[in-house]
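Reproduced below: coords_30.pdb, with PDB, C-alpha atoms, pLDDT in the B column.
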```pdb
ATOM      1  CA  MET A  30     -22.162  10.770 -71.331  1.00 54.00           C
ATOM      2  CA  SER A  31     -20.954  14.333 -70.850  1.00 59.00           C
ATOM      3  CA  GLU A  32     -17.808  15.114 -68.997  1.00 66.00           C
ATOM      4  CA  GLN A  33     -18.262  17.283 -65.956  1.00 63.00           C
ATOM      5  CA  PRO A  34     -15.396  19.486 -64.847  1.00 61.00           C
ATOM      6  CA  ALA A  35     -13.723  18.314 -61.660  1.00 63.00           C
ATOM      7  CA  PHE A  36     -14.771  20.205 -58.567  1.00 65.00           C
ATOM      8  CA  ALA A  37     -12.300  22.918 -57.792  1.00 66.00           C
ATOM      9  CA  ASP A  38     -10.816  22.889 -54.315  1.00 76.00           C
ATOM     10  CA  THR A  39     -12.582  25.873 -52.781  1.00 86.00           C
ATOM     11  CA  ARG A  40     -11.185  25.567 -49.290  1.00 88.00           C
ATOM     12  CA  GLN A  41      -9.869  28.666 -47.655  1.00 92.00           C
ATOM     13  CA  LEU A  42      -6.447  28.223 -46.093  1.00 93.00           C
ATOM     14  CA  LEU A  43      -6.027  29.250 -42.485  1.00 94.00           C
ATOM     15  CA  GLU A  44      -3.575  31.782 -41.226  1.00 96.00           C
ATOM     16  CA  PRO A  45      -0.528  30.072 -39.665  1.00 96.00           C
ATOM     17  CA  ALA A  46      -1.560  31.047 -36.128  1.00 97.00           C
ATOM     18  CA  ALA A  47      -5.082  29.724 -36.670  1.00 96.00           C
ATOM     19  CA  ALA A  48      -3.737  26.479 -38.148  1.00 97.00           C
ATOM     20  CA  ASP A  49      -1.468  26.074 -35.114  1.00 97.00           C
ATOM     21  CA  ALA A  50      -4.441  26.642 -32.799  1.00 97.00           C
ATOM     22  CA  VAL A  51      -6.477  23.990 -34.635  1.00 97.00           C
ATOM     23  CA  ARG A  52      -3.569  21.536 -34.417  1.00 98.00           C
ATOM     24  CA  ALA A  53      -3.223  22.235 -30.677  1.00 98.00           C
ATOM     25  CA  TYR A  54      -6.947  21.654 -30.177  1.00 98.00           C
ATOM     26  CA  ALA A  55      -6.724  18.391 -32.126  1.00 98.00           C
ATOM     27  CA  ALA A  56      -3.792  17.265 -29.971  1.00 98.00           C
ATOM     28  CA  ARG A  57      -5.683  18.057 -26.745  1.00 97.00           C
ATOM     29  CA  THR A  58      -8.782  16.276 -28.031  1.00 98.00           C
ATOM     30  CA  ARG A  59      -6.708  13.241 -29.028  1.00 98.00           C
ATOM     31  CA  ALA A  60      -5.027  13.155 -25.608  1.00 97.00           C
ATOM     32  CA  ASN A  61      -8.396  13.358 -23.841  1.00 97.00           C
ATOM     33  CA  ALA A  62      -9.778  10.551 -26.002  1.00 98.00           C
ATOM     34  CA  ASP A  63      -6.711   8.403 -25.289  1.00 98.00           C
ATOM     35  CA  HIS A  64      -7.116   9.005 -21.544  1.00 97.00           C
ATOM     36  CA  TYR A  65     -10.818   8.138 -21.691  1.00 96.00           C
ATOM     37  CA  ALA A  66     -10.086   4.971 -23.688  1.00 98.00           C
ATOM     38  CA  ALA A  67      -7.439   3.929 -21.151  1.00 97.00           C
ATOM     39  CA  VAL A  68      -9.936   4.326 -18.305  1.00 94.00           C
ATOM     40  CA  LEU A  69     -12.510   2.212 -20.140  1.00 96.00           C
ATOM     41  CA  GLU A  70      -9.896  -0.454 -20.921  1.00 97.00           C
ATOM     42  CA  ASP A  71      -8.903  -0.539 -17.235  1.00 96.00           C
ATOM     43  CA  ILE A  72     -12.554  -0.984 -16.232  1.00 95.00           C
ATOM     44  CA  ALA A  73     -12.944  -3.773 -18.798  1.00 97.00           C
ATOM     45  CA  ALA A  74      -9.825  -5.546 -17.529  1.00 97.00           C
ATOM     46  CA  ASN A  75     -10.237  -4.996 -13.783  1.00 96.00           C
ATOM     47  CA  GLY A  76     -13.889  -4.163 -13.205  1.00 96.00           C
ATOM     48  CA  LEU A  77     -15.322  -1.098 -11.540  1.00 94.00           C
ATOM     49  CA  PRO A  78     -13.520   0.414  -8.535  1.00 90.00           C
ATOM     50  CA  ALA A  79     -14.980   0.002  -5.063  1.00 93.00           C
ATOM     51  CA  VAL A  80     -17.549   2.630  -4.132  1.00 92.00           C
ATOM     52  CA  GLU A  81     -15.373   3.673  -1.182  1.00 93.00           C
ATOM     53  CA  ASP A  82     -12.567   4.589  -3.592  1.00 92.00           C
ATOM     54  CA  CYS A  83     -14.783   6.818  -5.756  1.00 93.00           C
ATOM     55  CA  THR A  84     -15.572  10.508  -5.488  1.00 95.00           C
ATOM     56  CA  PRO A  85     -19.292  11.339  -5.539  1.00 95.00           C
ATOM     57  CA  TRP A  86     -20.341  13.219  -8.663  1.00 95.00           C
ATOM     58  CA  GLU A  87     -21.735  16.066  -6.550  1.00 97.00           C
ATOM     59  CA  GLU A  88     -18.246  16.757  -5.175  1.00 97.00           C
ATOM     60  CA  LEU A  89     -16.759  16.630  -8.661  1.00 96.00           C
ATOM     61  CA  ARG A  90     -19.432  19.032  -9.924  1.00 97.00           C
ATOM     62  CA  GLU A  91     -18.859  21.503  -7.088  1.00 97.00           C
ATOM     63  CA  ALA A  92     -15.086  21.419  -7.600  1.00 97.00           C
ATOM     64  CA  HIS A  93     -15.526  22.030 -11.323  1.00 95.00           C
ATOM     65  CA  LEU A  94     -17.950  24.908 -10.727  1.00 94.00           C
ATOM     66  CA  ALA A  95     -15.484  26.434  -8.255  1.00 94.00           C
ATOM     67  CA  ARG A  96     -12.710  26.211 -10.888  1.00 94.00           C
ATOM     68  CA  LEU A  97     -14.941  27.893 -13.445  1.00 92.00           C
ATOM     69  CA  ALA A  98     -15.889  30.646 -10.992  1.00 91.00           C
ATOM     70  CA  ALA A  99     -12.219  31.255 -10.187  1.00 91.00           C
ATOM     71  CA  GLN A 100     -11.445  31.674 -13.898  1.00 89.00           C
ATOM     72  CA  ARG A 101     -14.224  34.217 -14.408  1.00 84.00           C
ATOM     73  CA  PRO A 102     -13.315  37.803 -13.643  1.00 77.00           C
ATOM     74  CA  ALA A 103     -15.275  39.398 -10.823  1.00 70.00           C
ATOM     75  CA  VAL A 104     -18.002  41.785 -11.871  1.00 63.00           C
ATOM     76  CA  ALA A 105     -18.057  45.104 -10.039  1.00 56.00           C
TER      77      ALA A 105
END
```

Any chance you could put this one into structure tokens?
Amino acid sequence: MSEQPAFADTRQLLEPAAADAVRAYAARTRANADHYAAVLEDIAANGLPAVEDCTPWEELREAHLARLAAQRPAVA
């Protein structure tokens, strides 16, 4: 049996600002996942909310599209 050299760590380190940005993204992703999990746990414990208490998906979509349009700079 021949001995193979151990694989060298060939990762490229990030610049400090880039590493901070990745950590911030990870924190936001973790927070979103925690929020989503809490909603699912609430549904499991208490059931689905009444239809009258819900917002139709069309309204949610239109509100989100309006937010995206407001963020986009106007084209002359």

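Here atom CA of Cys83 of chain A stands at a distance of 17.7 Å from atom CA of His64 of chain A.
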
Q: Rounded to one decimal place, report the atom CA of Thr84 of chain A-atom CA of Ile72 of chain A distance in Å.
A: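 Going from atom CA of Thr84 of chain A over to atom CA of Ile72 of chain A covers 16.0 Å.
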
* Asked: What is the atom CA of Asn61 of chain A to atom CA of Arg40 of chain A distance in Å?
  ->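 These two atoms are separated by 28.4 Å.
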
Report as JSON the centre and the edge lengths, in Å to one decimal, of the axis-aligned box holding every listed atom of segment 43-61 of chain A, padded by 5 Å on each side.
```
{"center_x": -4.7, "center_y": 22.5, "center_z": -33.2, "size_x": 18.3, "size_y": 28.6, "size_z": 28.6}
```
